$ cat upload-v8.txt   # compact mmCIF, C-alpha atoms and all ligand atoms
# COMPACT_ATOMS: atom_id res chain seq x y z
CA MET A 1 0.00 0.00 0.00
CA LYS A 2 1.06 3.55 -0.80
CA LYS A 3 2.09 5.44 2.34
CA ILE A 4 1.61 9.17 2.64
CA TYR A 5 3.03 11.08 5.59
CA LEU A 6 1.33 14.39 6.42
CA ASP A 7 2.46 14.74 10.03
CA HIS A 8 5.68 16.72 9.70
CA ASN A 9 4.84 18.98 12.67
CA ALA A 10 5.10 15.88 14.88
CA THR A 11 8.42 14.81 13.42
CA THR A 12 10.27 14.61 10.13
CA PRO A 13 12.34 11.90 8.45
CA VAL A 14 16.09 12.43 8.71
CA HIS A 15 17.70 13.62 5.47
CA SER A 16 19.99 11.00 3.98
CA GLU A 17 22.73 13.62 3.72
CA VAL A 18 22.33 14.24 7.43
CA ILE A 19 22.71 10.54 8.23
CA LYS A 20 25.77 10.35 6.00
CA GLU A 21 27.32 13.26 7.87
CA MET A 22 26.55 11.68 11.26
CA LEU A 23 27.80 8.12 10.69
CA PRO A 24 31.56 8.76 11.03
CA TYR A 25 30.90 10.19 14.50
CA TYR A 26 29.56 6.83 15.66
CA ARG A 27 32.21 4.64 14.05
CA ASP A 28 35.47 6.50 13.55
CA ILE A 29 35.51 9.83 15.37
CA TYR A 30 33.81 8.51 18.47
CA GLY A 31 36.03 10.28 21.00
CA ASN A 32 34.62 12.25 23.91
CA ALA A 33 34.75 15.90 22.85
CA SER A 34 36.26 16.71 26.26
CA SER A 35 39.16 14.26 25.87
CA PHE A 36 42.65 15.54 25.24
CA HIS A 37 43.76 12.96 22.67
CA GLN A 38 43.19 13.13 18.91
CA PHE A 39 39.96 11.15 19.05
CA GLY A 40 38.54 13.72 21.42
CA GLN A 41 39.99 16.77 19.72
CA GLN A 42 38.59 15.74 16.35
CA ALA A 43 35.16 15.44 17.91
CA ARG A 44 35.61 18.81 19.63
CA LYS A 45 36.53 20.47 16.35
CA ALA A 46 33.44 19.02 14.67
CA VAL A 47 31.17 20.17 17.51
CA GLU A 48 32.53 23.71 17.33
CA GLU A 49 32.13 23.82 13.55
CA ALA A 50 28.55 22.63 13.96
CA ARG A 51 27.98 25.31 16.58
CA GLU A 52 29.09 27.97 14.09
CA LYS A 53 26.56 26.73 11.54
CA VAL A 54 23.71 26.94 14.04
CA VAL A 55 24.85 30.33 15.27
CA ASP A 56 25.00 31.65 11.68
CA PHE A 57 21.54 30.30 10.96
CA ILE A 58 19.90 32.37 13.70
CA GLY A 59 22.24 35.35 13.47
CA ALA A 60 23.76 34.80 16.92
CA LYS A 61 27.38 34.89 18.15
CA SER A 62 29.63 31.88 18.89
CA GLY A 63 29.26 31.66 22.63
CA GLU A 64 25.52 32.15 22.60
CA ILE A 65 24.13 28.65 22.03
CA ILE A 66 23.90 25.57 24.23
CA PHE A 67 23.14 22.11 22.87
CA THR A 68 20.34 20.31 24.71
CA SER A 69 18.52 16.99 24.42
CA GLY A 70 15.75 18.59 22.34
CA GLY A 71 13.11 21.27 22.18
CA THR A 72 11.53 20.21 25.46
CA GLU A 73 14.75 20.61 27.41
CA ALA A 74 15.51 23.92 25.70
CA ASP A 75 12.08 25.27 26.75
CA ASN A 76 12.48 23.95 30.32
CA PHE A 77 15.96 25.44 30.56
CA ALA A 78 14.89 28.86 29.25
CA ILE A 79 11.92 29.17 31.57
CA LYS A 80 13.14 27.57 34.79
CA GLY A 81 16.72 28.73 34.27
CA VAL A 82 15.71 32.38 33.89
CA ALA A 83 13.09 32.11 36.66
CA TYR A 84 15.55 30.72 39.22
CA ALA A 85 18.36 33.10 38.31
CA ASN A 86 16.20 36.23 38.44
CA GLN A 87 13.75 35.53 41.24
CA THR A 88 15.26 38.18 43.48
CA LYS A 89 14.09 40.73 40.91
CA GLY A 90 10.59 39.28 40.74
CA LYS A 91 8.50 36.16 40.34
CA HIS A 92 6.16 37.03 37.50
CA ILE A 93 6.22 35.41 34.05
CA ILE A 94 4.07 36.10 30.99
CA THR A 95 3.23 33.43 28.43
CA SER A 96 0.30 32.55 26.18
CA SER A 97 -2.48 30.03 26.55
CA ILE A 98 -1.56 28.21 23.32
CA GLU A 99 2.05 27.27 24.09
CA HIS A 100 3.48 23.78 23.66
CA HIS A 101 3.24 21.70 26.83
CA ALA A 102 7.01 21.98 27.30
CA VAL A 103 6.40 25.66 28.05
CA LEU A 104 2.98 25.41 29.69
CA ASN A 105 3.94 22.65 32.10
CA SER A 106 7.24 24.33 32.99
CA CYS A 107 5.17 27.39 33.94
CA LYS A 108 2.70 25.26 35.91
CA TYR A 109 5.62 23.71 37.78
CA LEU A 110 6.96 27.15 38.67
CA GLU A 111 3.51 28.20 39.89
CA LYS A 112 3.77 25.51 42.56
CA GLN A 113 6.99 27.17 43.69
CA GLY A 114 5.49 30.59 44.20
CA PHE A 115 5.95 32.13 40.77
CA ARG A 116 2.97 33.93 39.23
CA ILE A 117 2.15 33.25 35.60
CA THR A 118 -0.03 35.30 33.26
CA TYR A 119 -1.46 33.14 30.45
CA LEU A 120 -2.40 35.62 27.72
CA PRO A 121 -5.53 34.94 25.68
CA VAL A 122 -5.51 34.71 21.87
CA ASP A 123 -8.02 35.83 19.26
CA LYS A 124 -10.01 33.50 17.00
CA TYR A 125 -6.99 33.09 14.72
CA GLY A 126 -4.73 32.18 17.63
CA LEU A 127 -2.89 35.51 17.65
CA ILE A 128 -1.73 37.18 20.83
CA ASN A 129 -2.03 40.96 21.05
CA PRO A 130 1.29 42.76 21.73
CA GLU A 131 -0.64 45.52 23.52
CA GLU A 132 -1.87 42.94 26.01
CA VAL A 133 1.68 41.77 26.58
CA LYS A 134 2.61 45.38 27.34
CA LYS A 135 -0.29 45.75 29.76
CA ALA A 136 0.59 42.53 31.56
CA ILE A 137 4.16 43.62 32.35
CA GLU A 138 4.71 44.52 36.03
CA ASP A 139 7.79 45.57 38.01
CA GLU A 140 8.03 41.93 39.10
CA THR A 141 7.99 40.52 35.54
CA ILE A 142 11.22 38.69 34.69
CA LEU A 143 10.35 36.74 31.56
CA ILE A 144 8.02 36.66 28.57
CA SER A 145 7.77 33.36 26.69
CA ILE A 146 5.77 33.20 23.46
CA MET A 147 6.00 30.64 20.67
CA HIS A 148 7.06 31.83 17.22
CA ALA A 149 4.64 29.55 15.37
CA ASN A 150 2.04 27.21 16.78
CA ASN A 151 2.44 23.49 16.16
CA GLU A 152 -1.30 22.74 15.91
CA MET A 153 -2.70 25.31 13.50
CA GLY A 154 0.45 27.08 12.37
CA THR A 155 -0.38 30.66 13.34
CA ILE A 156 2.72 32.89 13.38
CA GLU A 157 2.83 35.25 16.36
CA PRO A 158 3.90 38.94 16.16
CA ILE A 159 7.25 38.16 17.78
CA ALA A 160 9.22 41.19 16.58
CA GLU A 161 6.63 43.53 18.13
CA VAL A 162 6.68 41.70 21.44
CA GLY A 163 10.48 41.70 21.28
CA LYS A 164 10.52 45.48 21.01
CA ILE A 165 8.22 45.83 24.02
CA ALA A 166 10.26 43.38 26.09
CA LYS A 167 13.45 45.24 25.26
CA GLU A 168 11.96 48.64 26.18
CA LYS A 169 10.75 47.26 29.49
CA GLY A 170 13.96 45.35 30.22
CA VAL A 171 12.23 41.95 30.48
CA TYR A 172 13.85 38.79 29.13
CA PHE A 173 12.09 37.37 26.07
CA HIS A 174 12.10 33.68 25.11
CA ILE A 175 10.60 32.20 21.95
CA ASP A 176 9.92 28.58 21.12
CA ALA A 177 11.00 28.49 17.48
CA VAL A 178 10.80 24.70 17.16
CA GLN A 179 8.08 24.86 14.48
CA SER A 180 9.17 28.02 12.70
CA ALA A 181 12.84 27.12 12.17
CA GLY A 182 13.39 25.82 8.67
CA LYS A 183 9.96 27.00 7.55
CA ILE A 184 10.22 30.79 7.88
CA PRO A 185 13.20 33.07 8.69
CA VAL A 186 14.31 32.94 12.33
CA GLU A 187 16.72 35.71 13.23
CA VAL A 188 17.41 36.66 16.84
CA LYS A 189 18.30 40.30 16.23
CA GLU A 190 15.37 41.06 13.97
CA LEU A 191 13.02 39.40 16.43
CA ASN A 192 14.66 41.02 19.47
CA VAL A 193 14.76 37.82 21.50
CA ASP A 194 17.05 36.86 24.39
CA LEU A 195 16.38 33.14 24.33
CA LEU A 196 15.25 30.81 21.54
CA SER A 197 14.54 27.06 21.41
CA LEU A 198 15.18 24.76 18.43
CA SER A 199 14.78 21.02 17.90
CA GLY A 200 16.61 18.72 15.45
CA HIS A 201 13.83 16.30 14.58
CA LYS A 202 11.40 18.97 13.37
CA VAL A 203 13.87 20.10 10.68
CA TYR A 204 14.84 16.75 9.11
CA GLY A 205 17.55 16.18 11.70
CA PRO A 206 17.86 13.52 14.41
CA LYS A 207 15.69 13.19 17.51
CA GLY A 208 17.13 13.93 20.93
CA ILE A 209 19.08 17.05 20.01
CA GLY A 210 18.10 20.68 20.40
CA VAL A 211 19.48 24.13 20.97
CA LEU A 212 18.89 26.96 23.37
CA TYR A 213 20.14 30.34 22.22
CA ILE A 214 21.00 32.52 25.20
CA ARG A 215 21.88 36.13 24.41
CA LYS A 216 25.19 37.19 25.96
CA GLY A 217 24.62 38.71 29.39
CA THR A 218 21.34 36.85 30.08
CA LYS A 219 21.18 35.64 33.68
CA ILE A 220 20.30 31.95 33.65
CA GLN A 221 20.81 29.07 36.06
CA PRO A 222 21.76 25.57 34.82
CA LEU A 223 19.26 22.75 35.29
CA ILE A 224 21.63 19.84 34.74
CA HIS A 225 24.69 19.63 36.94
CA GLY A 226 27.85 17.61 36.35
CA GLY A 227 30.98 18.28 34.32
CA HIS A 228 32.08 21.54 32.78
CA HIS A 229 30.39 21.03 29.40
CA GLU A 230 28.74 23.80 27.39
CA LYS A 231 30.44 26.58 29.36
CA ASN A 232 29.17 25.18 32.67
CA LYS A 233 25.58 25.75 31.56
CA ARG A 234 24.57 22.19 30.61
CA ALA A 235 26.52 19.23 31.91
CA GLY A 236 26.77 15.91 30.08
CA THR A 237 28.97 14.43 27.37
CA GLU A 238 28.03 16.11 24.11
CA ASN A 239 25.79 14.15 21.73
CA VAL A 240 28.36 14.55 18.96
CA PRO A 241 26.52 12.70 16.14
CA GLY A 242 23.30 14.52 17.09
CA ILE A 243 25.01 17.90 17.05
CA ILE A 244 26.62 17.16 13.66
CA GLY A 245 23.25 16.01 12.31
CA LEU A 246 21.37 19.03 13.60
CA ALA A 247 23.91 21.40 12.07
CA LYS A 248 23.75 19.63 8.70
CA ALA A 249 19.96 19.69 8.74
CA ILE A 250 20.00 23.41 9.45
CA GLU A 251 22.58 23.99 6.73
CA ILE A 252 20.25 22.28 4.23
CA ALA A 253 17.18 24.14 5.54
CA ARG A 254 18.96 27.43 5.09
CA ILE A 255 19.43 26.76 1.39
CA THR A 256 15.98 25.32 0.71
CA VAL A 257 13.74 27.33 3.04
CA LYS A 258 12.55 29.99 0.57
CA GLU A 259 11.70 27.67 -2.29
CA GLU A 260 10.17 25.05 -0.01
CA ALA A 261 7.97 27.68 1.62
CA ILE A 262 6.52 28.58 -1.77
CA ARG A 263 6.13 24.96 -2.88
CA LEU A 264 4.51 23.90 0.39
CA THR A 265 2.17 26.89 0.47
CA ASN A 266 0.95 25.94 -3.01
CA LEU A 267 0.51 22.28 -2.09
CA ARG A 268 -1.19 23.14 1.18
CA ASN A 269 -3.56 25.57 -0.57
CA ARG A 270 -4.29 22.96 -3.22
CA LEU A 271 -5.27 20.51 -0.48
CA TRP A 272 -7.54 23.10 1.16
CA THR A 273 -9.21 24.12 -2.12
CA SER A 274 -9.77 20.56 -3.14
CA ILE A 275 -11.21 19.55 0.25
CA ASN A 276 -13.41 22.63 0.22
CA GLU A 277 -14.75 21.69 -3.22
CA LYS A 278 -15.43 18.08 -2.33
CA ILE A 279 -16.67 18.33 1.26
CA GLU A 280 -19.30 20.59 2.84
CA ASP A 281 -19.15 22.16 6.28
CA VAL A 282 -15.38 22.25 6.72
CA PHE A 283 -13.77 24.91 8.93
CA LEU A 284 -10.23 26.24 8.78
CA HIS A 285 -8.42 26.89 12.07
CA GLY A 286 -5.56 29.34 12.43
CA HIS A 287 -4.77 32.59 10.68
CA PRO A 288 -5.59 32.50 6.96
CA GLN A 289 -2.33 34.28 6.03
CA GLU A 290 -0.05 34.55 9.08
CA ARG A 291 0.46 30.82 9.12
CA LEU A 292 3.24 28.28 8.55
CA PRO A 293 3.43 27.31 4.86
CA ASN A 294 2.97 23.59 5.55
CA THR A 295 0.15 23.52 8.08
CA LEU A 296 -3.58 23.01 7.52
CA ASN A 297 -5.89 22.43 10.50
CA LEU A 298 -9.50 21.66 9.65
CA SER A 299 -12.69 20.61 11.40
CA PHE A 300 -15.30 18.50 9.68
CA GLU A 301 -18.64 19.20 11.23
CA GLY A 302 -20.46 16.22 12.69
CA VAL A 303 -17.51 13.79 12.78
CA GLU A 304 -14.82 13.02 15.32
CA GLY A 305 -11.24 13.80 14.32
CA GLU A 306 -10.09 10.49 15.79
CA ALA A 307 -12.46 8.56 13.51
CA ILE A 308 -11.14 10.31 10.39
CA ILE A 309 -7.56 9.69 11.46
CA LEU A 310 -8.18 5.97 11.92
CA ASP A 311 -9.85 5.66 8.52
CA LEU A 312 -7.08 7.62 6.81
CA ASP A 313 -4.50 5.47 8.57
CA MET A 314 -6.09 2.37 7.08
CA LYS A 315 -5.50 3.93 3.66
CA GLY A 316 -1.85 4.54 4.56
CA ILE A 317 -2.29 8.27 5.18
CA ALA A 318 -0.78 9.72 8.37
CA VAL A 319 -2.30 12.89 9.84
CA SER A 320 -3.00 13.84 13.43
CA THR A 321 -5.31 15.69 15.73
CA GLY A 322 -3.91 18.87 17.23
CA SER A 323 -0.62 17.63 18.55
CA ALA A 324 1.28 14.41 19.00
CA CYS A 325 1.48 15.02 22.72
CA THR A 326 -2.24 15.29 23.36
CA SER A 327 -3.39 12.54 21.02
CA GLY A 328 -4.33 9.46 22.94
CA THR A 329 -6.46 11.61 25.20
CA LEU A 330 -9.96 12.63 24.13
CA GLU A 331 -9.56 16.11 25.58
CA PRO A 332 -10.15 18.78 22.95
CA SER A 333 -7.01 20.73 22.11
CA HIS A 334 -6.10 23.54 24.56
CA VAL A 335 -5.10 25.62 21.55
CA LEU A 336 -8.48 25.43 19.77
CA LYS A 337 -10.19 25.94 23.11
CA ALA A 338 -8.21 29.14 23.72
CA MET A 339 -9.22 30.32 20.24
CA GLY A 340 -12.84 29.93 21.25
CA VAL A 341 -13.59 27.09 18.82
CA ASN A 342 -16.84 25.35 19.68
CA PRO A 343 -15.81 22.18 21.63
CA ARG A 344 -17.86 19.95 19.35
CA LEU A 345 -16.06 21.30 16.29
CA ALA A 346 -12.72 21.11 18.10
CA GLN A 347 -13.30 17.36 18.54
CA GLY A 348 -13.40 17.09 14.76
CA ALA A 349 -10.11 18.90 14.16
CA ILE A 350 -7.41 17.35 12.03
CA ARG A 351 -3.94 18.63 11.36
CA PHE A 352 -2.30 18.09 7.98
CA SER A 353 1.36 19.09 8.13
CA LEU A 354 3.17 18.77 4.83
CA GLY A 355 6.85 18.26 4.18
CA GLU A 356 9.49 18.07 1.52
CA ASP A 357 8.68 14.54 0.39
CA ASN A 358 5.02 15.30 -0.40
CA THR A 359 3.88 15.57 -4.02
CA GLN A 360 0.85 16.96 -5.82
CA GLU A 361 -0.36 13.43 -6.63
CA GLU A 362 -0.30 12.57 -2.94
CA ILE A 363 -2.27 15.67 -2.06
CA ASP A 364 -4.92 14.92 -4.67
CA TYR A 365 -5.15 11.32 -3.48
CA VAL A 366 -5.62 12.45 0.13
CA ALA A 367 -8.42 14.86 -0.81
CA ASP A 368 -10.19 12.05 -2.71
CA MET A 369 -9.88 9.55 0.12
CA LEU A 370 -10.96 12.12 2.69
CA SER A 371 -14.09 12.99 0.79
CA GLY A 372 -15.23 9.35 0.85
CA ILE A 373 -14.32 8.90 4.51
CA VAL A 374 -16.10 12.04 5.71
CA SER A 375 -19.29 11.29 3.81
CA ARG A 376 -19.33 7.71 5.13
CA LEU A 377 -18.78 8.90 8.73
CA ARG A 378 -21.40 11.60 8.37
CA GLY A 379 -23.83 9.04 7.07
CA ILE A 380 -23.61 7.14 10.36
CA SER A 381 -23.24 10.22 12.60
CA PRO A 382 -26.24 11.18 14.74
CA PHE A 383 -24.84 14.72 14.97
CA TYR A 384 -24.53 15.66 11.33
CA GLN A 385 -27.28 17.54 9.54
CA LYS A 386 -26.83 18.30 5.87
CA LYS A 387 -26.76 21.92 4.78
CA GLU A 388 -30.10 21.60 2.95
CA SER A 389 -31.87 20.37 6.04
CA LYS A 390 -30.35 23.15 8.11
CA ASP A 391 -31.48 25.70 5.53
CA LEU A 392 -34.92 24.15 5.63
CA TYR A 393 -34.94 24.43 9.36
CA LYS A 394 -33.94 28.08 9.21
CA GLY A 395 -36.70 28.82 6.71
CA ALA A 396 -39.35 27.07 8.78
C1 LIG B 1 7.98 19.36 19.08
C2 LIG B 1 7.91 20.64 19.80
C3 LIG B 1 8.61 20.83 21.00
C4 LIG B 1 9.38 19.73 21.68
O1 LIG B 1 10.57 19.40 21.00
P1 LIG B 1 11.24 17.95 21.27
O2 LIG B 1 12.56 18.05 20.56
O3 LIG B 1 10.32 16.95 20.66
O4 LIG B 1 11.40 17.80 22.73
C5 LIG B 1 8.53 22.07 21.61
N1 LIG B 1 7.83 23.05 21.07
C6 LIG B 1 7.13 22.92 19.92
C7 LIG B 1 6.38 24.08 19.37
C8 LIG B 1 7.15 21.70 19.25
O5 LIG B 1 6.46 21.57 18.12
$ encode --input "upload-v8.txt" --output "structure tokens" --more "lines below"
Ligand SMILES: *Cc1c(COP(=O)(O)O)cnc(C)c1O
Amino acid sequence: MKKIYLDHNATTPVHSEVIKEMLPYYRDIYGNASSFHQFGQQARKAVEEAREKVVDFIGAKSGEIIFTSGGTEADNFAIKGVAYANQTKGKHIITSSIEHHAVLNSCKYLEKQGFRITYLPVDKYGLINPEEVKKAIEDETILISIMHANNEMGTIEPIAEVGKIAKEKGVYFHIDAVQSAGKIPVEVKELNVDLLSLSGHKVYGPKGIGVLYIRKGTKIQPLIHGGHHEKNKRAGTENVPGIIGLAKAIEIARITVKEEAIRLTNLRNRLWTSINEKIEDVFLHGHPQERLPNTLNLSFEGVEGEAIILDLDMKGIAVSTGSACTSGTLEPSHVLKAMGVNPRLAQGAIRFSLGEDNTQEEIDYVADMLSGIVSRLRGISPFYQKKESKDLYKGA
């Protein structure tokens, strides 16, 4: 059976060029990057070259990035690390209600330790309002953490505006750029951010490697204690193959990002148009324009998202509900909830996230399959009323 993967916001396949680049660091150059001998020094050199590539990609300086075990650790480090190091100044943090759980649950954890968190609301498109960020800032505020782009519906937040406000007010600003990196430009100076999280496996690199950018001069406390790795900020023997792989993936993304953004936007729009033509009562979630090029989040009235996903899976098509981390629970997505989406519609939400291996034929095939699946499910759904009957009802 043909297999079609449309879940790139959950994870991506590793580029073969990335794997090729990584392999020598398992088999030949396997030294510990902290060792003095040639095995170690070769690994050290490779790690530092990789660091330069990542630093260049986000427009940072050499000493400003720390390698972590992934996006989750980078988010935890940014939030808890800044909170602990600056708590004498204040214990107030501002974030949004649509963050990834790596951010939300780090904030919840800090709440138990006496920090106060403001969870900013979003509008129906999932956008935060920079004016509300400004209003929420107090003397006690030490950190603002807002995601660059949302993983569920792809909305891109007005980061540069928030960055300006944070800078004026002298509050540290962290962004989770895990979804935006490799899809749209991510530049720390333009965005005015002090901290930024990245993850390897969302950009065609390996799993278990990530980056936290920490602007020079930012007060932050380490979370992981041990040896003197990563300038005493993150102990643990460096994941050399992972670091090499991440850097290669980013190097490739840098070259392809512009063209891929255009190609994916076209494919994504083709999918939306075609679904819209074939299926009635479909709703688009997220901002119509300010959105990641690859992401399409839709609700099909009268049917459960989970049911559609299972049927698509049987046809070899992989999509997901809101996020990989909440699937498995039947809770509606916290993101759609914050956007004010009717809970019944939110239950029917499906995320299509396209990637570089997807073709036009695949997209057309998916739209065809989906049309059959949705009409079959609606046929057996007690909740679905056809448009005609609703119109009739209105007229009566
Ligand atoms: C995937 C993801 C993370 C977590 O990254 P991991 O490397 O999987 O730990 C954090 N934030 C966002 C927005 C994500 O999409």
$ residues_around --input "upload-v8.txt" --residues "Pro185 in chain A" --least-positions-apart "5" --cutoff "9 Å" --atoms "all atoms listed in the file" --output "number ranges by chain"
A: 58, 180, 254, 257-258
$ residues_around --input "upload-v8.txt" --residues "range 283-294 of chain A" --least-positions-apart "5" --cutoff "7 Å" --atoms "all atoms listed in the file" --output "list in words"
Tyr125, Gly126, Met153, Gly154, Thr155, Ile156, Lys183, Ala261, Leu264, Thr265, Arg268, Ser299, Phe300, Ser353, Leu354 and Gly355 of chain A
$ write_last_selection --input "upload-v8.txt" --atoms "C-alpha atoms" --output "mmCIF file, in the coordinates of the input"
data_model
loop_
_atom_site.group_PDB
_atom_site.id
_atom_site.type_symbol
_atom_site.label_atom_id
_atom_site.label_comp_id
_atom_site.auth_asym_id
_atom_site.auth_seq_id
_atom_site.Cartn_x
_atom_site.Cartn_y
_atom_site.Cartn_z
ATOM 1 C CA TYR A 125 -6.990 33.090 14.720
ATOM 2 C CA GLY A 126 -4.730 32.180 17.630
ATOM 3 C CA MET A 153 -2.700 25.310 13.500
ATOM 4 C CA GLY A 154 0.450 27.080 12.370
ATOM 5 C CA THR A 155 -0.380 30.660 13.340
ATOM 6 C CA ILE A 156 2.720 32.890 13.380
ATOM 7 C CA LYS A 183 9.960 27.000 7.550
ATOM 8 C CA ALA A 261 7.970 27.680 1.620
ATOM 9 C CA LEU A 264 4.510 23.900 0.390
ATOM 10 C CA THR A 265 2.170 26.890 0.470
ATOM 11 C CA ARG A 268 -1.190 23.140 1.180
ATOM 12 C CA SER A 299 -12.690 20.610 11.400
ATOM 13 C CA PHE A 300 -15.300 18.500 9.680
ATOM 14 C CA SER A 353 1.360 19.090 8.130
ATOM 15 C CA LEU A 354 3.170 18.770 4.830
ATOM 16 C CA GLY A 355 6.850 18.260 4.180
#
$ closest_atom_pairs --input "upload-v8.txt" --of "chain A" --to "ligand LIG 1 (chain B)" --cutoff "6 Å" --atoms "all atoms listed in the file" --output "Markdown table"
| residue | atom | partner | partner_atom | distance |
| --- | --- | --- | --- | --- |
| A:Gly70 | CA | B:LIG1 | O2 | 3.7 |
| A:Gly71 | CA | B:LIG1 | O1 | 3.4 |
| A:Thr72 | CA | B:LIG1 | O4 | 3.6 |
| A:His100 | CA | B:LIG1 | N1 | 5.1 |
| A:Ala102 | CA | B:LIG1 | C5 | 5.9 |
| A:Asn150 | CA | B:LIG1 | C7 | 5.9 |
| A:Asn151 | CA | B:LIG1 | O5 | 4.9 |
| A:Asp176 | CA | B:LIG1 | N1 | 5.9 |
| A:Val178 | CA | B:LIG1 | C6 | 4.9 |
| A:Gln179 | CA | B:LIG1 | O5 | 5.2 |
| A:Ser199 | CA | B:LIG1 | O2 | 4.6 |
$ closest_residue --input "upload-v8.txt" --among "A:Gly236, A:Pro241, A:Pro382, A:Pro158" --to "Gly205 in chain A" --atoms "only C-alpha atoms"
A:Pro241
$ atom_distance --input "upload-v8.txt" --atom1 "CA of Lys91 in chain A" --atom2 "CA of Leu127 in chain A"
25.4 Å
$ closest_atom_pairs --input "upload-v8.txt" --of "range 112-179 of chain A" --to "range 338-343 of chain A" --cutoff "6 Å" --atoms "all atoms listed in the file" --output "CSV"
residue,atom,partner,partner_atom,distance
A:Val122,CA,A:Met339,CA,6.0
A:Asp123,CA,A:Met339,CA,5.7
A:Lys124,CA,A:Met339,CA,4.6
A:Gly126,CA,A:Met339,CA,5.5
$ atom_distance --input "upload-v8.txt" --atom1 "CA of Ile128 in chain A" --atom2 "CA of Ser97 in chain A"
9.2 Å
$ atom_distance --input "upload-v8.txt" --atom1 "CA of Gly90 in chain A" --atom2 "CA of Leu110 in chain A"
12.8 Å
$ closest_residue --input "upload-v8.txt" --among "A:Met369, A:Ile144, A:Leu223, A:Val133" --to "Leu271 in chain A" --atoms "only C-alpha atoms"
A:Met369
$ residues_near_point --input "upload-v8.txt" --point "(22.3, 13.5, 10.5)" --cutoff "9 Å" --atoms "all atoms listed in the file" --output "ChimeraX atom specification"
/A:14-23,204-206,241-249
$ write_last_selection --input "upload-v8.txt" --atoms "C-alpha atoms" --output "tab-separated table (two decimals), in the coordinates of the input"
chain	number	residue	atom	x	y	z
A	14	VAL	CA	16.09	12.43	8.71
A	15	HIS	CA	17.70	13.62	5.47
A	16	SER	CA	19.99	11.00	3.98
A	17	GLU	CA	22.73	13.62	3.72
A	18	VAL	CA	22.33	14.24	7.43
A	19	ILE	CA	22.71	10.54	8.23
A	20	LYS	CA	25.77	10.35	6.00
A	21	GLU	CA	27.32	13.26	7.87
A	22	MET	CA	26.55	11.68	11.26
A	23	LEU	CA	27.80	8.12	10.69
A	204	TYR	CA	14.84	16.75	9.11
A	205	GLY	CA	17.55	16.18	11.70
A	206	PRO	CA	17.86	13.52	14.41
A	241	PRO	CA	26.52	12.70	16.14
A	242	GLY	CA	23.30	14.52	17.09
A	243	ILE	CA	25.01	17.90	17.05
A	244	ILE	CA	26.62	17.16	13.66
A	245	GLY	CA	23.25	16.01	12.31
A	246	LEU	CA	21.37	19.03	13.60
A	247	ALA	CA	23.91	21.40	12.07
A	248	LYS	CA	23.75	19.63	8.70
A	249	ALA	CA	19.96	19.69	8.74
$ residues_around --input "upload-v8.txt" --residues "Glu140 in chain A" --least-positions-apart "5" --cutoff "12 Å" --atoms "all atoms listed in the file" --output "tab-separated table (two decimals) with C-alpha atoms, in the coordinates of the input"
chain	number	residue	atom	x	y	z
A	83	ALA	CA	13.09	32.11	36.66
A	86	ASN	CA	16.20	36.23	38.44
A	87	GLN	CA	13.75	35.53	41.24
A	88	THR	CA	15.26	38.18	43.48
A	89	LYS	CA	14.09	40.73	40.91
A	90	GLY	CA	10.59	39.28	40.74
A	91	LYS	CA	8.50	36.16	40.34
A	92	HIS	CA	6.16	37.03	37.50
A	93	ILE	CA	6.22	35.41	34.05
A	94	ILE	CA	4.07	36.10	30.99
A	115	PHE	CA	5.95	32.13	40.77
A	116	ARG	CA	2.97	33.93	39.23
A	117	ILE	CA	2.15	33.25	35.60
A	118	THR	CA	-0.03	35.30	33.26
A	169	LYS	CA	10.75	47.26	29.49
A	170	GLY	CA	13.96	45.35	30.22
A	171	VAL	CA	12.23	41.95	30.48
A	172	TYR	CA	13.85	38.79	29.13
